[in-house]
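Asker: File follows, entry_14.cif with mmCIF, C-alpha atoms:
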```cif
data_coords
loop_
_atom_site.label_atom_id
_atom_site.label_comp_id
_atom_site.auth_asym_id
_atom_site.auth_seq_id
_atom_site.Cartn_x
_atom_site.Cartn_y
_atom_site.Cartn_z
CA MET B 1 -6.08 12.39 51.86
CA ALA B 2 -4.65 12.93 55.33
CA PHE B 3 -1.24 14.55 55.63
CA ASN B 4 1.59 14.33 58.14
CA ILE B 5 2.42 17.99 58.77
CA LEU B 6 5.42 19.52 60.55
CA LEU B 7 5.09 23.01 62.07
CA VAL B 8 8.41 24.79 62.68
CA ASP B 9 8.31 28.00 64.71
CA ASP B 10 9.94 29.14 67.95
CA SER B 11 6.58 30.55 69.08
CA ALA B 12 4.13 28.04 70.55
CA THR B 13 1.43 30.61 69.82
CA VAL B 14 2.20 30.61 66.10
CA ARG B 15 2.25 26.81 65.96
CA ALA B 16 -1.15 26.78 67.67
CA VAL B 17 -2.51 29.41 65.27
CA ILE B 18 -1.36 27.46 62.19
CA ASN B 19 -2.79 24.25 63.62
CA LYS B 20 -6.11 26.01 64.26
CA ALA B 21 -6.11 27.50 60.76
CA LEU B 22 -5.44 24.07 59.24
CA ASN B 23 -8.38 22.64 61.17
CA LEU B 24 -10.69 25.52 60.28
CA ALA B 25 -9.64 25.16 56.64
CA GLY B 26 -10.66 21.51 56.71
CA VAL B 27 -7.18 20.20 55.95
CA ASP B 28 -7.14 16.50 56.80
CA ILE B 29 -4.25 15.90 59.20
CA ASN B 30 -3.02 12.41 59.96
CA GLU B 31 -0.22 13.38 62.33
CA LEU B 32 1.00 16.81 63.44
CA PHE B 33 4.64 17.27 64.43
CA GLN B 34 6.07 20.42 65.98
CA ALA B 35 9.59 21.84 66.20
CA GLY B 36 10.89 25.02 67.81
CA ASN B 37 13.71 25.63 65.33
CA GLY B 38 15.37 24.24 62.20
CA GLN B 39 17.60 21.83 64.11
CA GLU B 40 14.64 20.23 65.86
CA ALA B 41 12.83 20.10 62.52
CA LEU B 42 15.70 18.19 60.90
CA GLU B 43 15.55 15.63 63.71
CA VAL B 44 11.82 15.14 63.04
CA LEU B 45 12.37 14.92 59.28
CA GLU B 46 15.07 12.28 59.75
CA SER B 47 12.88 10.08 61.96
CA GLN B 48 9.29 10.61 60.76
CA TRP B 49 7.35 10.55 57.51
CA VAL B 50 6.38 14.16 56.80
CA ASP B 51 4.26 15.26 53.82
CA LEU B 52 4.37 19.03 54.29
CA VAL B 53 6.37 21.55 56.35
CA PHE B 54 5.19 24.98 57.48
CA CYS B 55 8.25 26.93 58.61
CA ASP B 56 9.06 30.33 60.09
CA ILE B 57 12.05 32.28 58.77
CA SER B 58 13.45 33.93 61.92
CA MET B 59 14.25 31.39 64.62
CA PRO B 60 17.08 30.80 67.12
CA VAL B 61 19.61 27.95 66.78
CA MET B 62 18.80 27.26 63.10
CA ASP B 63 16.56 29.62 61.13
CA GLY B 64 14.19 28.71 58.32
CA GLU B 65 16.60 29.49 55.51
CA GLU B 66 19.32 27.34 57.12
CA LEU B 67 16.80 24.50 57.44
CA VAL B 68 16.05 24.80 53.72
CA ASP B 69 19.81 24.79 52.98
CA ASN B 70 20.19 21.59 55.02
CA MET B 71 17.20 20.00 53.29
CA ASN B 72 18.85 20.85 49.98
CA LEU B 73 22.12 19.22 51.07
CA ASN B 74 20.44 15.91 51.85
CA GLY B 75 17.94 16.06 48.99
CA MET B 76 14.85 16.33 51.21
CA ILE B 77 13.66 19.57 49.64
CA GLU B 78 12.61 17.80 46.44
CA SER B 79 10.38 15.27 48.17
CA ILE B 80 9.07 17.24 51.16
CA PRO B 81 7.31 20.51 50.26
CA VAL B 82 8.21 23.47 52.47
CA VAL B 83 5.96 26.51 52.88
CA MET B 84 7.43 29.50 54.71
CA VAL B 85 5.11 31.40 57.08
CA SER B 86 6.52 34.69 58.26
CA SER B 87 6.25 38.46 58.44
CA ALA B 88 9.92 38.81 57.48
CA GLY B 89 9.53 37.89 53.83
CA SER B 90 10.79 40.74 51.74
CA GLU B 91 10.55 40.20 47.98
CA PRO B 92 14.28 39.36 47.51
CA ARG B 93 14.22 36.89 50.38
CA VAL B 94 11.07 35.14 49.14
CA ALA B 95 12.59 34.93 45.65
CA ARG B 96 15.81 33.49 47.11
CA LEU B 97 13.89 30.92 49.17
CA LYS B 98 11.89 29.84 46.12
CA GLU B 99 15.12 29.42 44.16
CA LYS B 100 16.24 27.08 46.94
CA GLY B 101 13.12 24.96 46.53
CA VAL B 102 10.58 26.49 48.90
CA ARG B 103 7.16 25.90 47.34
CA ASP B 104 5.27 28.91 48.66
CA TYR B 105 5.30 31.79 51.11
CA ILE B 106 2.48 32.87 53.43
CA GLN B 107 2.62 36.36 54.86
CA LYS B 108 1.38 36.78 58.43
CA PRO B 109 -1.33 37.49 59.38
CA PHE B 110 -3.08 34.87 57.29
CA THR B 111 -6.55 33.35 56.99
CA PRO B 112 -7.61 29.68 57.03
CA GLU B 113 -8.77 30.17 53.44
CA HIS B 114 -5.27 31.20 52.39
CA ILE B 115 -3.78 28.19 54.19
CA ARG B 116 -6.24 25.89 52.39
CA GLU B 117 -5.43 27.45 49.03
CA VAL B 118 -1.70 26.91 49.56
CA VAL B 119 -2.12 23.34 50.81
CA ASP B 120 -4.31 22.47 47.81
CA GLN B 121 -1.83 24.00 45.41
CA VAL B 122 1.35 22.61 46.97
CA MET B 123 -0.02 19.12 47.60
CA GLY B 124 -1.79 18.91 44.25
CA VAL B 125 -5.18 18.30 45.87
CA ILE B 126 -7.04 20.11 43.09
CA GLU B 127 -5.34 18.09 40.37
CA ASN B 128 -6.01 14.82 42.20
CA ALA B 129 -9.68 15.69 42.63
CA ASP B 130 -10.21 16.19 38.90
CA MET Z 1 10.04 60.98 64.58
CA GLN Z 2 9.08 62.46 61.20
CA THR Z 3 5.37 62.89 60.59
CA SER Z 4 5.39 60.66 57.49
CA THR Z 5 7.20 57.91 59.41
CA GLN Z 6 4.76 58.23 62.29
CA GLU Z 7 1.78 57.99 59.96
CA LYS Z 8 3.13 54.86 58.25
CA LEU Z 9 3.98 53.35 61.62
CA SER Z 10 0.51 54.05 63.04
CA LYS Z 11 -1.41 52.78 60.02
CA THR Z 12 0.69 49.64 59.59
CA PHE Z 13 0.58 48.75 63.28
CA LEU Z 14 -3.19 49.25 63.55
CA ASP Z 15 -3.87 47.29 60.35
CA VAL Z 16 -1.80 44.33 61.56
CA VAL Z 17 -3.30 44.38 65.06
CA GLU Z 18 -6.82 44.53 63.65
CA GLN Z 19 -6.21 41.56 61.34
CA LEU Z 20 -4.38 39.54 63.97
CA THR Z 21 -6.35 40.28 67.14
CA PHE Z 22 -9.64 41.76 65.87
CA MET Z 23 -9.00 44.69 68.23
CA PHE Z 24 -9.48 48.22 66.93
CA GLY Z 25 -7.34 51.19 67.72
CA GLU Z 26 -6.73 54.85 67.05
CA PRO Z 27 -3.74 57.12 67.59
CA VAL Z 28 -4.08 59.44 70.58
CA PRO Z 29 -1.70 61.91 72.24
CA LYS Z 30 0.12 60.26 75.12
CA SER Z 31 -0.90 63.22 77.29
CA GLU Z 32 -4.40 61.68 77.37
CA PHE Z 33 -3.06 58.63 79.22
CA GLU Z 34 -3.85 58.70 82.92
CA ALA Z 35 -1.19 57.69 85.41
CA ASP Z 36 -3.56 55.38 87.28
CA GLY Z 37 -1.10 52.68 88.26
CA THR Z 38 -1.85 50.47 85.26
CA VAL Z 39 0.74 47.71 84.95
CA PHE Z 40 2.13 47.44 81.41
CA ASN Z 41 3.78 44.49 79.67
CA ARG Z 42 6.32 45.36 77.01
CA ALA Z 43 7.72 43.45 74.06
CA ALA Z 44 10.73 44.71 72.12
CA MET Z 45 12.68 43.37 69.17
CA ARG Z 46 15.69 44.49 67.19
CA PHE Z 47 16.05 44.36 63.43
CA SER Z 48 19.00 44.76 61.11
CA GLY Z 49 19.78 44.95 57.41
CA ASP Z 50 18.78 47.87 55.19
CA VAL Z 51 17.20 49.38 58.28
CA VAL Z 52 18.59 48.94 61.78
CA GLY Z 53 16.77 49.62 65.00
CA GLU Z 54 14.19 48.46 67.50
CA LEU Z 55 10.41 48.27 67.66
CA ALA Z 56 8.66 48.01 71.02
CA VAL Z 57 5.06 47.82 72.18
CA ALA Z 58 3.66 48.15 75.69
CA VAL Z 59 0.10 47.22 76.59
CA PRO Z 60 -1.79 47.02 79.89
CA GLU Z 61 -1.18 43.62 81.48
CA GLU Z 62 -4.95 43.16 81.83
CA ILE Z 63 -5.49 42.99 78.05
CA THR Z 64 -2.69 40.53 77.29
CA ALA Z 65 -5.08 37.61 77.87
CA ASP Z 66 -7.54 39.17 75.38
CA ILE Z 67 -4.77 39.58 72.81
CA ALA Z 68 -3.66 35.96 73.24
CA ALA Z 69 -7.24 34.67 73.18
CA ASN Z 70 -8.08 36.57 70.01
CA ILE Z 71 -4.92 35.41 68.22
CA LEU Z 72 -5.51 31.80 69.24
CA GLY Z 73 -9.29 31.82 68.79
CA LEU Z 74 -9.88 30.96 72.43
CA GLU Z 75 -11.68 32.57 75.37
CA PRO Z 76 -9.60 34.85 77.65
CA GLU Z 77 -10.23 32.49 80.60
CA ASP Z 78 -8.54 29.73 78.57
CA ILE Z 79 -5.29 31.73 78.57
CA GLU Z 80 -3.93 30.39 81.80
CA SER Z 81 -0.21 31.03 81.75
CA GLU Z 82 1.83 34.21 81.67
CA GLU Z 83 4.00 32.47 79.07
CA MET Z 84 1.03 32.25 76.67
CA ARG Z 85 0.19 35.93 77.21
CA ASN Z 86 3.79 37.04 76.67
CA ASP Z 87 4.24 34.78 73.63
CA ALA Z 88 1.13 36.26 72.02
CA LEU Z 89 2.25 39.83 72.72
CA ALA Z 90 5.66 38.98 71.24
CA GLU Z 91 4.01 37.47 68.15
CA MET Z 92 1.83 40.55 67.67
CA LEU Z 93 4.98 42.68 67.72
CA ASN Z 94 6.84 40.25 65.46
CA VAL Z 95 4.17 40.39 62.77
CA ALA Z 96 3.86 44.17 63.07
CA CYS Z 97 7.64 44.59 62.83
CA GLY Z 98 7.98 42.90 59.44
CA HIS Z 99 5.14 44.98 58.02
CA VAL Z 100 6.47 48.22 59.55
CA ILE Z 101 9.93 47.69 58.05
CA MET Z 102 8.49 47.02 54.60
CA ALA Z 103 6.17 50.04 54.94
CA LEU Z 104 9.17 52.25 55.76
CA ALA Z 105 11.88 50.73 53.54
CA GLY Z 106 9.90 49.04 50.78
CA THR Z 107 8.91 45.45 50.06
CA ASP Z 108 12.33 44.82 48.51
CA ALA Z 109 14.17 45.72 51.71
CA ASN Z 110 16.61 43.18 53.08
CA PHE Z 111 16.21 42.78 56.80
CA LYS Z 112 16.54 40.31 59.63
CA LEU Z 113 14.34 40.17 62.72
CA GLU Z 114 15.71 39.22 66.13
CA ALA Z 115 13.53 37.31 68.60
CA PRO Z 116 11.24 39.58 70.65
CA ALA Z 117 11.84 39.87 74.40
CA THR Z 118 9.07 40.61 76.89
CA SER Z 119 9.21 42.30 80.29
CA LYS Z 120 7.11 44.19 82.80
CA VAL Z 121 7.34 47.98 82.50
CA ASP Z 122 8.92 49.63 85.55
CA GLU Z 123 8.41 53.25 86.53
CA ASP Z 124 11.53 54.50 84.73
CA THR Z 125 10.53 52.79 81.48
CA TYR Z 126 6.98 54.13 81.76
CA ASN Z 127 8.28 57.67 82.24
CA LYS Z 128 10.65 57.22 79.29
CA MET Z 129 7.80 56.01 77.05
CA MET Z 130 5.70 59.02 78.09
CA LEU Z 131 8.47 61.55 77.39
CA ASP Z 132 10.38 59.95 74.49
CA GLU Z 133 9.19 61.16 71.08
CA SER Z 134 10.10 57.80 69.55
CA TYR Z 135 7.05 56.38 71.38
CA ILE Z 136 3.56 57.16 70.11
CA GLY Z 137 0.26 56.47 71.83
CA PHE Z 138 -2.84 54.53 70.82
CA LEU Z 139 -6.12 53.51 72.33
CA LEU Z 140 -6.67 49.85 71.54
CA ASP Z 141 -10.24 48.88 72.42
CA ASP Z 142 -10.07 51.91 74.78
CA ASN Z 143 -6.84 50.72 76.42
CA PRO Z 144 -3.65 52.83 76.36
CA VAL Z 145 -0.88 51.35 74.23
CA PHE Z 146 2.64 52.60 73.54
CA LEU Z 147 4.49 51.86 70.30
CA GLY Z 148 8.14 52.88 70.02
CA LEU Z 149 10.32 52.89 66.94
CA THR Z 150 14.05 53.63 67.05
CA LEU Z 151 15.93 53.81 63.76
CA GLU Z 152 19.73 53.80 63.90
CA ASN Z 153 20.56 54.43 60.23
#
```
Show how you would write the structure in this file as structure tokens.
Answerer:
Amino acid sequence: MAFNILLVDDSATVRAVINKALNLAGVDINELFQAGNGQEALEVLESQWVDLVFCDISMPVMDGEELVDNMNLNGMIESIPVVMVSSAGSEPRVARLKEKGVRDYIQKPFTPEHIREVVDQVMGVIENAD
Amino acid sequence: MQTSTQEKLSKTFLDVVEQLTFMFGEPVPKSEFEADGTVFNRAAMRFSGDVVGELAVAVPEEITADIAANILGLEPEDIESEEMRNDALAEMLNVACGHVIMALAGTDANFKLEAPATSKVDEDTYNKMMLDESYIGFLLDDNPVFLGLTLEN
């Protein structure tokens, strides 16, 4: 199954690294969207079909936690899985984000294998394959 | 800087850099660095929360393309723009910063990272990094690197 994936990070380098990791991990991508902050991400989410979001925590304009709060307000968080990718994920913050509906957290630096594992788990690929 | 803090800082930084860039380093006294006119690029970022301060790294400009290429899985000649090189240096610092804070304050620390800023190192900044005890030295793939940690609480 091919996914529409949204990458949200203010660093073009990080977006490129996640994209590369997804490709190396063999994740089937239908369409890849990119946003430099939470505000831009909301605009993509309101206009495009997105299956999965990879999102940084610390960003200018609107950070990752504010994006999650906004997705909660309009009910998107239940239908669009969000995975946070960051180095700023202390245990209390990760727990708080998961309480808000974030499906998983990936600590940087990460491997393609870890990305694959999270995608399979979050998108239910393993269950569907059985 | 306390010895225990310096040891945690060194180990955490080198572990992150190795995983992220596949470059290997070792701590060295800054006195071993030669003043040979090497141009350095610096990235610095502030953090706040349970710990407040700044982390900065300065590397020779000539290895910034290698850092970017290794992070992105490309060849150094594919790294064409200064923006790509600076963005990669900033990302290396960003990742290191989160790990350094949790190494110093624990994985349950509450903290917020500001966006890193990059700049070229002028003579005054170079002299400050050489003299200031908050900066420690490394050789990263045989290249001199400065890492500075300032804690304000």
Asker: Would you kindly identify which residues have an atom no farther than 7 Å from (-7.1, 38.2, 69.6), using all atoms listed in the file and the file's own coordinates, and write them out as number ranges by chain?
Answerer: Z: 20-23, 66-73
Asker: Pick out the closest residue to Glu61 (chain Z) from this set: Z:Asn153, Z:Asn110, Z:Ser119, Z:Ser4. Count all atoms listed in the file.
Answerer: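 Among Z:Asn153, Z:Asn110, Z:Ser119, Z:Ser4, it is Z:Ser119 that comes nearest to Glu61 (chain Z).
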Asker: Could you state which residues are captured by the PyMOL selection byres ((chain B) within 6 of (chain Z)) in this file, as a PyMOL selection string?
Answerer: chain B and resi 17+87-88+90-92+109
Asker: Which residues come within 9 Å of Val39 (chain Z), counting only C-alpha atoms, excluding same-chain residues fewer than 4 positions away, as a list in words?
Answerer: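 Counting only C-alpha atoms, the residues come to Val59, Pro60, Glu61, Glu62, Lys120, Val121 and Asp122 of chain Z.
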Asker: Just the number, please: distance in Å from CA of Glu99 (chain B) to CA of Thr111 (chain B), one decimal.
Answerer: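 According to the coordinates, CA of Glu99 (chain B) and CA of Thr111 (chain B) are separated by 25.5 Å.
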